[in-house]
file start-v2.txt (compact mmCIF, C-alpha atoms)
# COMPACT_ATOMS: atom_id res chain seq x y z
CA MET A 1 2.82 -8.73 -6.45
CA SER A 2 2.58 -8.28 -2.67
CA ALA A 3 0.02 -6.43 -0.56
CA ASP A 4 2.55 -3.58 -0.28
CA ASN A 5 2.02 -2.90 -4.00
CA LEU A 6 -1.77 -2.73 -3.69
CA PRO A 7 -3.77 0.31 -2.53
CA PRO A 8 -4.44 0.65 1.20
CA LEU A 9 -7.57 -1.16 2.37
CA SER A 10 -10.33 0.46 4.45
CA LEU A 11 -13.74 -0.63 5.69
CA TYR A 12 -16.97 1.38 5.54
CA ILE A 13 -19.87 0.32 7.79
CA HIS A 14 -23.32 1.82 7.22
CA VAL A 15 -25.93 2.24 9.95
CA PRO A 16 -29.13 3.29 8.13
CA TRP A 17 -31.33 4.60 10.95
CA CYS A 18 -31.73 8.13 12.29
CA VAL A 19 -34.21 9.79 14.64
CA ARG A 20 -35.58 12.04 11.90
CA LYS A 21 -34.69 12.50 8.24
CA CYS A 22 -33.21 15.97 7.69
CA PRO A 23 -34.74 17.91 4.77
CA TYR A 24 -31.36 18.33 3.00
CA CYS A 25 -30.15 14.74 3.41
CA ASP A 26 -29.86 12.45 0.38
CA PHE A 27 -28.01 9.66 2.20
CA ASN A 28 -29.48 6.22 2.73
CA SER A 29 -31.06 7.06 6.08
CA HIS A 30 -34.45 6.14 7.55
CA GLY A 31 -36.13 8.06 10.39
CA VAL A 32 -37.41 5.90 13.22
CA GLY A 33 -38.22 8.40 15.98
CA ARG A 34 -36.56 8.77 19.36
CA ASP A 35 -38.05 5.77 21.15
CA ALA A 36 -38.05 3.12 18.44
CA GLY A 37 -36.27 -0.09 19.28
CA LEU A 38 -33.61 -0.98 16.72
CA PRO A 39 -32.78 -4.57 15.74
CA GLU A 40 -29.20 -4.21 17.03
CA GLU A 41 -28.40 -7.88 17.52
CA GLU A 42 -29.80 -8.84 14.13
CA TYR A 43 -28.03 -6.00 12.37
CA ILE A 44 -24.62 -6.80 13.89
CA THR A 45 -25.09 -10.43 12.88
CA ALA A 46 -25.92 -9.28 9.34
CA LEU A 47 -22.91 -6.94 9.17
CA LEU A 48 -20.51 -9.74 10.08
CA ALA A 49 -22.15 -12.15 7.62
CA ASP A 50 -21.93 -9.42 4.96
CA LEU A 51 -18.21 -9.02 5.68
CA ASP A 52 -17.68 -12.79 5.48
CA GLN A 53 -19.17 -12.73 1.99
CA ASP A 54 -16.90 -9.88 0.89
CA LEU A 55 -13.82 -11.53 2.35
CA GLN A 56 -14.36 -14.50 0.05
CA LEU A 57 -13.06 -12.23 -2.72
CA LEU A 58 -9.73 -11.94 -0.87
CA GLN A 59 -9.19 -15.63 -0.15
CA ASP A 60 -6.54 -16.18 -2.82
CA GLN A 61 -5.12 -12.66 -2.66
CA PRO A 62 -2.13 -11.29 -0.69
CA GLU A 63 -3.06 -10.68 2.96
CA ARG A 64 -3.97 -7.04 3.60
CA GLU A 65 -4.36 -5.02 6.80
CA LEU A 66 -7.17 -2.60 7.52
CA HIS A 67 -5.80 0.96 7.65
CA SER A 68 -9.07 2.69 8.57
CA ILE A 69 -12.70 2.05 9.46
CA PHE A 70 -15.53 4.55 9.11
CA ILE A 71 -18.99 4.01 10.58
CA GLY A 72 -21.45 6.31 8.82
CA GLY A 73 -25.17 6.74 8.47
CA GLY A 74 -27.85 7.55 9.24
CA THR A 75 -26.91 8.06 12.86
CA PRO A 76 -24.46 5.38 14.05
CA SER A 77 -24.57 6.79 17.59
CA LEU A 78 -28.09 5.32 17.91
CA LEU A 79 -26.45 1.91 18.46
CA SER A 80 -25.23 0.98 21.92
CA GLY A 81 -21.68 0.50 23.08
CA ALA A 82 -22.44 -3.20 23.58
CA ALA A 83 -23.43 -3.51 19.92
CA TYR A 84 -20.14 -1.98 18.81
CA GLN A 85 -18.17 -4.17 21.21
CA ARG A 86 -19.70 -7.24 19.59
CA LEU A 87 -19.11 -5.83 16.12
CA PHE A 88 -15.43 -5.08 16.75
CA ASP A 89 -14.82 -8.42 18.41
CA GLY A 90 -16.13 -9.94 15.18
CA LEU A 91 -14.06 -7.64 12.97
CA ARG A 92 -10.83 -8.44 14.80
CA ALA A 93 -11.53 -12.15 14.53
CA ARG A 94 -11.78 -11.80 10.75
CA MET A 95 -9.25 -9.14 9.74
CA THR A 96 -5.91 -7.70 10.81
CA PHE A 97 -5.95 -4.07 11.91
CA SER A 98 -2.87 -1.97 11.26
CA ALA A 99 -1.11 -0.80 14.42
CA ASP A 100 -2.40 2.75 13.93
CA CYS A 101 -5.80 1.91 12.40
CA GLU A 102 -8.09 4.96 12.41
CA VAL A 103 -11.62 4.04 13.54
CA THR A 104 -14.20 6.82 13.11
CA LEU A 105 -17.82 6.90 14.21
CA GLU A 106 -20.29 9.56 13.08
CA ALA A 107 -22.28 10.88 16.02
CA ASN A 108 -25.31 13.13 16.36
CA PRO A 109 -25.06 15.33 19.48
CA GLY A 110 -28.79 14.83 20.05
CA THR A 111 -28.53 11.04 20.49
CA LEU A 112 -25.75 10.69 23.03
CA GLU A 113 -26.65 9.33 26.43
CA GLN A 114 -24.35 9.69 29.42
CA GLY A 115 -21.56 7.14 29.32
CA ARG A 116 -22.06 6.14 25.69
CA PHE A 117 -18.76 7.73 24.53
CA ALA A 118 -16.82 5.69 27.07
CA ALA A 119 -18.43 2.50 25.77
CA TYR A 120 -17.55 3.43 22.19
CA ARG A 121 -13.96 4.09 23.20
CA ALA A 122 -13.75 0.76 24.99
CA ALA A 123 -15.03 -1.04 21.88
CA GLY A 124 -12.10 0.31 19.85
CA ILE A 125 -13.43 3.52 18.25
CA ASN A 126 -10.69 6.17 18.42
CA ARG A 127 -12.05 9.07 16.35
CA LEU A 128 -15.42 10.84 16.21
CA SER A 129 -17.18 12.93 13.59
CA LEU A 130 -19.82 15.13 15.23
CA GLY A 131 -22.65 16.36 13.00
CA VAL A 132 -23.09 19.86 14.42
CA GLN A 133 -23.83 21.68 11.09
CA THR A 134 -24.45 25.04 12.81
CA PHE A 135 -24.66 26.60 16.28
CA GLN A 136 -27.47 29.01 15.34
CA PRO A 137 -30.89 28.02 16.77
CA GLU A 138 -32.81 29.32 13.73
CA GLN A 139 -30.65 27.41 11.26
CA LEU A 140 -30.71 24.24 13.38
CA GLU A 141 -34.51 24.31 13.23
CA VAL A 142 -34.59 24.93 9.47
CA LEU A 143 -32.17 22.04 8.93
CA GLY A 144 -34.31 19.70 11.00
CA ARG A 145 -31.54 18.95 13.49
CA ILE A 146 -32.56 17.39 16.79
CA HIS A 147 -29.81 18.95 18.94
CA SER A 148 -29.11 22.42 20.31
CA ALA A 149 -25.83 24.32 20.29
CA GLU A 150 -25.48 23.60 24.00
CA GLU A 151 -25.96 19.87 23.44
CA ALA A 152 -23.21 19.96 20.80
CA GLU A 153 -20.84 21.62 23.26
CA ARG A 154 -21.74 19.11 25.99
CA ALA A 155 -21.15 16.24 23.55
CA VAL A 156 -17.60 17.46 22.91
CA ALA A 157 -16.95 17.73 26.65
CA SER A 158 -18.26 14.18 27.16
CA ALA A 159 -16.11 12.87 24.31
CA ARG A 160 -12.98 14.42 25.81
CA ALA A 161 -13.82 13.01 29.23
CA ALA A 162 -14.08 9.55 27.63
CA GLY A 163 -10.58 9.87 26.15
CA PHE A 164 -11.29 11.06 22.59
CA ASP A 165 -8.60 13.53 21.54
CA ASN A 166 -9.17 13.22 17.78
CA PHE A 167 -12.50 14.42 16.43
CA ASN A 168 -14.09 16.20 13.48
CA ILE A 169 -16.86 18.77 13.57
CA ASP A 170 -19.19 18.93 10.56
CA LEU A 171 -20.24 22.48 9.68
CA MET A 172 -22.38 23.71 6.78
CA HIS A 173 -22.51 27.13 5.16
CA GLY A 174 -24.78 28.76 2.61
CA LEU A 175 -27.75 28.03 4.88
CA PRO A 176 -31.20 29.66 4.63
CA GLY A 177 -31.07 32.97 6.50
CA GLN A 178 -27.34 32.78 7.10
CA THR A 179 -25.28 35.97 7.19
CA LEU A 180 -21.52 36.46 7.06
CA GLU A 181 -21.58 37.15 10.80
CA THR A 182 -23.47 33.97 11.74
CA ALA A 183 -21.32 31.86 9.40
CA LEU A 184 -18.14 33.15 11.04
CA ASP A 185 -19.68 32.71 14.49
CA ASP A 186 -20.22 29.04 13.66
CA ILE A 187 -16.54 28.66 12.78
CA GLN A 188 -15.38 30.51 15.90
CA ARG A 189 -17.62 28.42 18.17
CA ALA A 190 -16.39 25.23 16.53
CA LEU A 191 -12.75 26.28 16.92
CA ALA A 192 -13.36 27.07 20.59
CA LEU A 193 -14.12 23.35 21.08
CA LYS A 194 -10.59 22.53 19.85
CA PRO A 195 -11.34 19.85 17.24
CA THR A 196 -8.52 18.33 15.24
CA HIS A 197 -10.50 18.40 11.99
CA LEU A 198 -13.30 20.47 10.43
CA SER A 199 -15.49 19.49 7.50
CA TRP A 200 -16.88 22.80 6.22
CA TYR A 201 -19.07 22.48 3.17
CA GLN A 202 -21.80 24.36 1.35
CA LEU A 203 -25.42 23.27 1.49
CA THR A 204 -26.54 21.91 -1.87
CA LEU A 205 -30.07 20.98 -2.87
CA GLU A 206 -29.92 17.31 -3.81
CA PRO A 207 -32.62 15.40 -5.72
CA ASN A 208 -34.96 13.22 -3.66
CA THR A 209 -34.79 15.54 -0.65
CA GLU A 210 -37.43 17.76 0.92
CA PHE A 211 -35.34 20.86 0.20
CA TYR A 212 -35.16 19.90 -3.48
CA SER A 213 -38.93 19.62 -3.83
CA ARG A 214 -39.57 22.71 -1.69
CA PRO A 215 -36.41 24.84 -2.03
CA PRO A 216 -35.63 27.29 0.76
CA VAL A 217 -34.27 30.75 -0.01
CA LEU A 218 -30.47 30.50 0.02
CA PRO A 219 -27.88 33.30 0.26
CA GLU A 220 -26.98 35.18 -2.93
CA ASP A 221 -23.75 34.30 -4.74
CA ASP A 222 -21.89 37.41 -3.55
CA LEU A 223 -22.61 36.52 0.07
CA LEU A 224 -21.57 32.91 -0.54
CA TRP A 225 -18.22 34.08 -1.90
CA ASP A 226 -17.72 36.36 1.12
CA ILE A 227 -18.53 33.51 3.51
CA GLN A 228 -16.12 31.17 1.76
CA ASP A 229 -13.27 33.71 1.61
CA HIS A 230 -13.59 34.91 5.20
CA GLY A 231 -14.24 31.41 6.56
CA HIS A 232 -11.20 30.00 4.79
CA ALA A 233 -9.03 32.79 6.19
CA GLU A 234 -10.39 32.18 9.71
CA LEU A 235 -9.60 28.48 9.57
CA GLU A 236 -6.13 28.99 8.10
CA ALA A 237 -5.32 31.56 10.79
CA ALA A 238 -6.28 28.99 13.43
CA GLY A 239 -3.77 26.49 12.02
CA PHE A 240 -6.19 24.37 9.99
CA ARG A 241 -4.85 23.45 6.56
CA ARG A 242 -7.30 22.87 3.75
CA TYR A 243 -6.25 19.53 2.30
CA GLU A 244 -9.45 18.72 0.39
CA ILE A 245 -12.18 20.91 -1.10
CA SER A 246 -14.28 20.89 2.07
CA ALA A 247 -11.89 19.48 4.70
CA TYR A 248 -9.51 21.26 7.06
CA ALA A 249 -7.18 19.66 9.59
CA LEU A 250 -4.45 20.41 12.06
CA GLU A 251 -1.00 19.11 11.14
CA GLY A 252 -1.01 15.31 11.03
CA ARG A 253 -4.78 15.05 11.63
CA SER A 254 -6.17 14.67 8.12
CA ALA A 255 -8.82 11.95 7.96
CA ARG A 256 -7.00 8.84 6.79
CA HIS A 257 -10.19 7.14 5.73
CA ASN A 258 -11.25 10.04 3.51
CA LEU A 259 -7.74 10.39 2.11
CA ASN A 260 -7.91 6.76 1.07
CA TYR A 261 -11.07 7.56 -0.93
CA TRP A 262 -9.50 10.61 -2.59
CA LYS A 263 -6.34 8.68 -3.47
CA PHE A 264 -8.46 5.94 -5.06
CA GLY A 265 -7.64 3.37 -2.40
CA ASP A 266 -9.68 0.25 -1.72
CA TYR A 267 -12.55 -0.13 0.71
CA LEU A 268 -14.98 -2.85 1.64
CA GLY A 269 -18.53 -1.64 2.29
CA ILE A 270 -20.91 -3.49 4.60
CA GLY A 271 -24.38 -2.56 5.77
CA ALA A 272 -27.59 -1.42 4.09
CA GLY A 273 -26.77 0.48 0.91
CA ALA A 274 -22.99 0.38 1.48
CA HIS A 275 -20.66 0.59 -1.52
CA GLY A 276 -17.18 -0.88 -1.86
CA LYS A 277 -14.32 -0.72 -4.34
CA LEU A 278 -11.68 -3.41 -4.45
CA THR A 279 -8.51 -4.04 -6.44
CA LEU A 280 -7.92 -7.73 -7.11
CA LEU A 281 -5.00 -9.47 -8.72
CA LYS A 282 -6.04 -11.66 -11.64
CA THR A 283 -4.98 -15.29 -11.93
CA ASP A 284 -3.68 -17.20 -14.92
CA SER A 285 -5.05 -20.50 -16.25
CA ALA A 286 -3.08 -22.37 -13.59
CA GLY A 287 -4.65 -20.32 -10.79
CA ASN A 288 -1.50 -18.32 -10.06
CA LEU A 289 -1.60 -14.57 -9.49
CA ASN A 290 -0.26 -12.87 -12.62
CA GLY A 291 0.04 -9.26 -11.43
CA GLU A 292 -2.73 -7.83 -13.62
CA LEU A 293 -5.30 -5.68 -11.84
CA GLN A 294 -9.08 -6.05 -11.79
CA LEU A 295 -11.02 -3.20 -10.17
CA GLN A 296 -14.49 -4.01 -8.95
CA ARG A 297 -17.32 -2.08 -7.32
CA ARG A 298 -20.13 -3.75 -5.40
CA TRP A 299 -23.09 -2.44 -3.46
CA LYS A 300 -25.58 -3.82 -0.96
CA SER A 301 -29.39 -3.71 -0.61
CA ARG A 302 -30.49 -0.22 0.47
CA GLN A 303 -33.63 -0.75 2.54
CA PRO A 304 -32.82 -1.96 6.08
CA GLU A 305 -35.59 -4.57 6.08
CA ALA A 306 -34.56 -5.93 2.70
CA TYR A 307 -30.92 -5.99 3.80
CA LEU A 308 -31.74 -8.01 6.90
CA ARG A 309 -33.78 -10.48 4.83
CA ARG A 310 -30.64 -11.12 2.77
CA MET A 311 -29.32 -13.23 5.63
CA GLN A 312 -31.69 -15.96 4.45
CA ASP A 313 -31.08 -15.29 0.75
CA PRO A 314 -28.62 -17.66 -0.98
CA ARG A 315 -27.51 -14.73 -3.15
CA GLY A 316 -26.21 -12.98 -0.04
CA PHE A 317 -26.10 -9.23 0.55
CA VAL A 318 -24.76 -7.97 -2.78
CA ALA A 319 -27.37 -6.04 -4.78
CA GLY A 320 -25.02 -5.43 -7.70
CA GLN A 321 -21.42 -5.37 -8.82
CA GLN A 322 -19.46 -3.98 -11.72
CA GLU A 323 -15.93 -4.20 -13.04
CA ILE A 324 -14.46 -0.78 -13.76
CA ASP A 325 -13.47 -0.72 -17.42
CA ARG A 326 -9.99 0.46 -18.33
CA ASP A 327 -11.35 3.40 -20.34
CA GLU A 328 -13.22 4.61 -17.23
CA LEU A 329 -10.23 4.50 -14.91
CA ALA A 330 -8.74 7.90 -15.75
CA LEU A 331 -11.97 9.72 -14.89
CA GLU A 332 -12.60 7.55 -11.81
CA PHE A 333 -9.12 8.34 -10.49
CA MET A 334 -9.29 12.06 -11.26
CA MET A 335 -12.77 12.48 -9.73
CA ASN A 336 -11.19 11.63 -6.41
CA ALA A 337 -7.59 12.83 -6.69
CA LEU A 338 -8.32 16.35 -7.90
CA ARG A 339 -10.31 17.14 -4.75
CA LEU A 340 -7.01 17.13 -2.85
CA THR A 341 -5.39 20.55 -2.62
CA GLY A 342 -1.92 19.00 -2.38
CA GLY A 343 -2.43 16.89 -5.45
CA VAL A 344 -1.63 13.27 -6.06
CA SER A 345 1.40 11.44 -7.40
CA PHE A 346 1.73 9.64 -10.71
CA GLU A 347 2.94 6.68 -8.65
CA ASP A 348 -0.48 6.59 -6.94
CA LEU A 349 -2.06 6.59 -10.41
CA ARG A 350 0.02 3.61 -11.48
CA ARG A 351 -0.46 1.68 -8.24
CA THR A 352 -4.23 2.10 -8.00
CA THR A 353 -5.23 1.86 -11.67
CA GLY A 354 -2.35 0.29 -13.58
CA LEU A 355 -2.39 3.37 -15.89
CA ASP A 356 0.60 5.54 -16.70
CA ARG A 357 0.81 9.28 -17.23
CA GLU A 358 0.23 8.95 -20.96
CA ALA A 359 -3.30 7.70 -20.32
CA LEU A 360 -4.18 11.12 -18.88
CA GLU A 361 -2.48 13.19 -21.55
CA PRO A 362 -5.53 14.24 -23.65
CA GLY A 363 -7.23 15.65 -20.55
CA LEU A 364 -4.01 17.09 -19.14
CA SER A 365 -3.40 18.98 -22.36
CA GLN A 366 -6.79 20.69 -22.18
CA ALA A 367 -6.44 21.44 -18.48
CA ARG A 368 -2.97 22.95 -18.90
CA SER A 369 -4.15 25.25 -21.68
CA ARG A 370 -6.92 26.63 -19.43
CA GLY A 371 -4.76 26.97 -16.33
CA LEU A 372 -6.79 24.45 -14.34
CA ILE A 373 -4.00 22.03 -13.43
CA VAL A 374 -0.36 22.10 -12.31
CA GLU A 375 1.99 19.19 -12.82
CA ASP A 376 5.62 18.22 -12.61
CA ASP A 377 7.49 14.94 -13.03
CA MET A 378 6.04 13.49 -9.83
CA LEU A 379 2.78 15.24 -8.98
CA LEU A 380 -0.39 16.75 -10.40
CA ARG A 381 -2.95 18.96 -8.69
CA ALA A 382 -5.77 21.34 -9.51
CA THR A 383 -4.97 25.06 -9.43
CA PRO A 384 -7.18 27.30 -7.24
CA GLN A 385 -9.14 28.02 -10.43
CA GLY A 386 -9.37 24.30 -11.11
CA LEU A 387 -10.85 23.66 -7.66
CA LEU A 388 -13.47 26.35 -8.29
CA PHE A 389 -14.44 24.77 -11.62
CA LEU A 390 -13.81 21.15 -10.72
CA ASN A 391 -16.72 19.77 -12.76
CA ASP A 392 -15.37 21.48 -15.89
CA LEU A 393 -11.92 20.09 -15.15
CA LEU A 394 -13.18 16.55 -14.63
CA ALA A 395 -15.14 16.66 -17.89
CA MET A 396 -11.80 16.85 -19.70
CA PHE A 397 -10.97 13.31 -18.53
CA ASP A 398 -14.36 11.84 -19.44
CA THR A 399 -13.56 9.85 -22.56
call {"tool": "encode", "arguments": {"input": "start-v2.txt", "output": "structure tokens"}}
result
Amino acid sequence: MSADNLPPLSLYIHVPWCVRKCPYCDFNSHGVGRDAGLPEEEYITALLADLDQDLQLLQDQPERELHSIFIGGGTPSLLSGAAYQRLFDGLRARMTFSADCEVTLEANPGTLEQGRFAAYRAAGINRLSLGVQTFQPEQLEVLGRIHSAEEAERAVASARAAGFDNFNIDLMHGLPGQTLETALDDIQRALALKPTHLSWYQLTLEPNTEFYSRPPVLPEDDLLWDIQDHGHAELEAAGFRRYEISAYALEGRSARHNLNYWKFGDYLGIGAGAHGKLTLLKTDSAGNLNGELQLQRRWKSRQPEAYLRRMQDPRGFVAGQQEIDRDELALEFMMNALRLTGGVSFEDLRRTTGLDREALEPGLSQARSRGLIVEDDMLLRATPQGLLFLNDLLAMFDT
């Protein structure tokens, strides 16, 4: 089997630091304040050593190109352009990038110094994801954001001046004190900045967050439905197609990295707390590749200090790993694929899991009877009702 028969390969890079932990955030992020010095040199060295360890898994496998890179956090825009130049020099020395490799960096509008976008662009980053969340001063304060609406708008102008023509704006709805009017104003102000992509998702109260322990008053369900219906119509009218539950994009501008997740593609994960999922070809007793698939997940130490200490640890950076059992594959695949509004092909199922359509049949039968799924000979996708009740739909594939 060649690399062409394996899922696309991406790379996720985690930067764990932020200026201040937001009260809704359950990501692996650690507030350090505005003036704290970060161990940039040490962290870049660790990231490259971490990647070297992961690449050992691919030594006897078909050679594979990187189709996308995503740098998430935390706040990756806290690191300097020089740090990313060194990182990408190291990445290119170790891996082959596809000709059209998408390279995304998450950026907080409140951390961007003059000239930093140009340095990021020069390092090889070609797409940005700006964490705006809202343009309303009251909601920005409640969410603990460190930027203003004006700073967000200036950040977009600076990004364009540096040559970025492909960027996402993160927006949240269902916020404390939000009305239909302010929710739609957020969308209109975001659209006025002419992004190519919008992530528009509802605030949820996640365990181990400040909001979870001290819940704010959120909008009633009827208002949430109105916001979702009117917001969806506004985005569609502006030419943004909803291709995933909370993602909208102009034609040809869907996030390739995220699509690779939803289609159950492969990704290496480096950095504190990063997760990866990799498809490997098994070998026979003679050491030859036999075409059978082994799917493995691995994850790295979460705490930044502990992660950096792993450079001196003979066990390396991996905190744990697990082979995905065959009886878990159907649910694992569907948890990702059914988020896509356009559905996913049975060929993708076969290529990424080794399963055929029959393996899904018990769940498909239930979903069909309740009108939660649509399928034909080539494709399956959740109905609008299925997207609304996605957890119920997924439970049907949990064997």
call {"tool": "residues_around", "arguments": {"input": "start-v2.txt", "residues": "region 258-266 of chain A", "least_positions_apart": "2", "cutoff": "9 Å", "atoms": "only C-alpha atoms", "output": "VMD selection string"}}
result
chain A and resid 6 to 11 68 70 244 254 to 256 268 276 to 279 332 to 340 344 348 to 349 352 to 353
call {"tool": "residues_around", "arguments": {"input": "start-v2.txt", "residues": "Ala249 (chain A)", "least_positions_apart": "6", "cutoff": "9 Å", "atoms": "all atoms listed in the file", "output": "JSON, numbers by chain"}}
result
{"A": [168, 195, 196, 197, 198, 199, 239, 240, 241, 242, 243, 255]}
call {"tool": "residues_near_point", "arguments": {"input": "start-v2.txt", "point": "(-28.5, 21.5, 19.2)", "cutoff": "10 Å", "atoms": "only C-alpha atoms", "output": "ChimeraX atom specification"}}
result
/A:108-110,131-137,140-141,145-154
call {"tool": "write_last_selection", "arguments": {"input": "start-v2.txt", "atoms": "C-alpha atoms", "output": "PDB file, keeping the file's coordinate frame"}}
result
ATOM      1  CA  ASN A 108     -25.310  13.130  16.360  1.00  0.00           C
ATOM      2  CA  PRO A 109     -25.060  15.330  19.480  1.00  0.00           C
ATOM      3  CA  GLY A 110     -28.790  14.830  20.050  1.00  0.00           C
ATOM      4  CA  GLY A 131     -22.650  16.360  13.000  1.00  0.00           C
ATOM      5  CA  VAL A 132     -23.090  19.860  14.420  1.00  0.00           C
ATOM      6  CA  GLN A 133     -23.830  21.680  11.090  1.00  0.00           C
ATOM      7  CA  THR A 134     -24.450  25.040  12.810  1.00  0.00           C
ATOM      8  CA  PHE A 135     -24.660  26.600  16.280  1.00  0.00           C
ATOM      9  CA  GLN A 136     -27.470  29.010  15.340  1.00  0.00           C
ATOM     10  CA  PRO A 137     -30.890  28.020  16.770  1.00  0.00           C
ATOM     11  CA  LEU A 140     -30.710  24.240  13.380  1.00  0.00           C
ATOM     12  CA  GLU A 141     -34.510  24.310  13.230  1.00  0.00           C
ATOM     13  CA  ARG A 145     -31.540  18.950  13.490  1.00  0.00           C
ATOM     14  CA  ILE A 146     -32.560  17.390  16.790  1.00  0.00           C
ATOM     15  CA  HIS A 147     -29.810  18.950  18.940  1.00  0.00           C
ATOM     16  CA  SER A 148     -29.110  22.420  20.310  1.00  0.00           C
ATOM     17  CA  ALA A 149     -25.830  24.320  20.290  1.00  0.00           C
ATOM     18  CA  GLU A 150     -25.480  23.600  24.000  1.00  0.00           C
ATOM     19  CA  GLU A 151     -25.960  19.870  23.440  1.00  0.00           C
ATOM     20  CA  ALA A 152     -23.210  19.960  20.800  1.00  0.00           C
ATOM     21  CA  GLU A 153     -20.840  21.620  23.260  1.00  0.00           C
ATOM     22  CA  ARG A 154     -21.740  19.110  25.990  1.00  0.00           C
TER      23      ARG A 154
END
call {"tool": "closest_residue", "arguments": {"input": "start-v2.txt", "among": "A:Gly37, A:Asp165, A:Met311, A:Pro384", "to": "Arg253 (chain A)", "atoms": "all atoms listed in the file"}}
result
A:Asp165
call {"tool": "closest_residue", "arguments": {"input": "start-v2.txt", "among": "A:Gly269, A:Gly177, A:Gly73, A:Gly343", "to": "Phe317 (chain A)", "atoms": "all atoms listed in the file"}}
result
A:Gly269
call {"tool": "residues_near_point", "arguments": {"input": "start-v2.txt", "point": "(-17.2, 17.8, -0.2)", "cutoff": "7 Å", "atoms": "all atoms listed in the file", "output": "list in words"}}
result
Tyr201, Ile245 and Ser246 of chain A
call {"tool": "closest_residue", "arguments": {"input": "start-v2.txt", "among": "A:Asp398, A:Glu220, A:Phe167, A:Leu193", "to": "Thr179 (chain A)", "atoms": "all atoms listed in the file"}}
result
A:Glu220
call {"tool": "residues_around", "arguments": {"input": "start-v2.txt", "residues": "Gln59 (chain A)", "least_positions_apart": "4", "cutoff": "12 Å", "atoms": "all atoms listed in the file", "output": "PyMOL selection string"}}
result
chain A and resi 52-55+63-64+94-95+280-281
call {"tool": "write_last_selection", "arguments": {"input": "start-v2.txt", "atoms": "C-alpha atoms", "output": "CSV table (one decimal), keeping the file's coordinate frame"}}
result
chain,number,residue,atom,x,y,z
A,52,ASP,CA,-17.7,-12.8,5.5
A,53,GLN,CA,-19.2,-12.7,2.0
A,54,ASP,CA,-16.9,-9.9,0.9
A,55,LEU,CA,-13.8,-11.5,2.4
A,63,GLU,CA,-3.1,-10.7,3.0
A,64,ARG,CA,-4.0,-7.0,3.6
A,94,ARG,CA,-11.8,-11.8,10.8
A,95,MET,CA,-9.2,-9.1,9.7
A,280,LEU,CA,-7.9,-7.7,-7.1
A,281,LEU,CA,-5.0,-9.5,-8.7
call {"tool": "closest_residue", "arguments": {"input": "start-v2.txt", "among": "A:Ile187, A:Leu47, A:Leu38, A:Ala367", "to": "Thr383 (chain A)", "atoms": "only C-alpha atoms"}}
result
A:Ala367
call {"tool": "build_atoms", "arguments": {"input": "start-v2.txt", "residues": "region 68-77 of chain A", "atoms": "N, CA, C and O atoms", "output": "short mmCIF file (atom, residue, chain, number, x, y, z; two decimals), in the frame of the given file"}}
result
data_model
loop_
_atom_site.label_atom_id
_atom_site.label_comp_id
_atom_site.auth_asym_id
_atom_site.auth_seq_id
_atom_site.Cartn_x
_atom_site.Cartn_y
_atom_site.Cartn_z
N SER A 68 -8.07 1.80 7.97
CA SER A 68 -9.07 2.69 8.57
C SER A 68 -10.44 2.04 8.49
O SER A 68 -10.71 1.21 7.63
N ILE A 69 -11.29 2.47 9.42
CA ILE A 69 -12.70 2.05 9.46
C ILE A 69 -13.53 3.31 9.66
O ILE A 69 -13.17 4.17 10.47
N PHE A 70 -14.63 3.41 8.94
CA PHE A 70 -15.53 4.55 9.11
C PHE A 70 -16.94 4.02 9.25
O PHE A 70 -17.42 3.26 8.39
N ILE A 71 -17.61 4.42 10.34
CA ILE A 71 -18.99 4.01 10.58
C ILE A 71 -19.87 5.22 10.32
O ILE A 71 -19.83 6.21 11.06
N GLY A 72 -20.65 5.17 9.23
CA GLY A 72 -21.45 6.31 8.82
C GLY A 72 -22.93 5.97 8.78
O GLY A 72 -23.34 4.82 9.00
N GLY A 73 -23.73 6.97 8.48
CA GLY A 73 -25.17 6.74 8.47
C GLY A 73 -25.93 7.73 7.63
O GLY A 73 -25.36 8.35 6.75
N GLY A 74 -27.23 7.86 7.99
CA GLY A 74 -27.85 7.55 9.24
C GLY A 74 -27.15 8.17 10.46
O GLY A 74 -26.36 9.06 10.38
N THR A 75 -27.47 7.60 11.60
CA THR A 75 -26.91 8.06 12.86
C THR A 75 -26.34 6.86 13.60
O THR A 75 -27.05 6.19 14.37
N PRO A 76 -25.06 6.54 13.39
CA PRO A 76 -24.46 5.38 14.05
C PRO A 76 -24.48 5.45 15.57
O PRO A 76 -24.45 4.42 16.24
N SER A 77 -24.56 6.68 16.13
CA SER A 77 -24.57 6.79 17.59
C SER A 77 -25.91 6.38 18.20
O SER A 77 -26.08 6.45 19.42
#
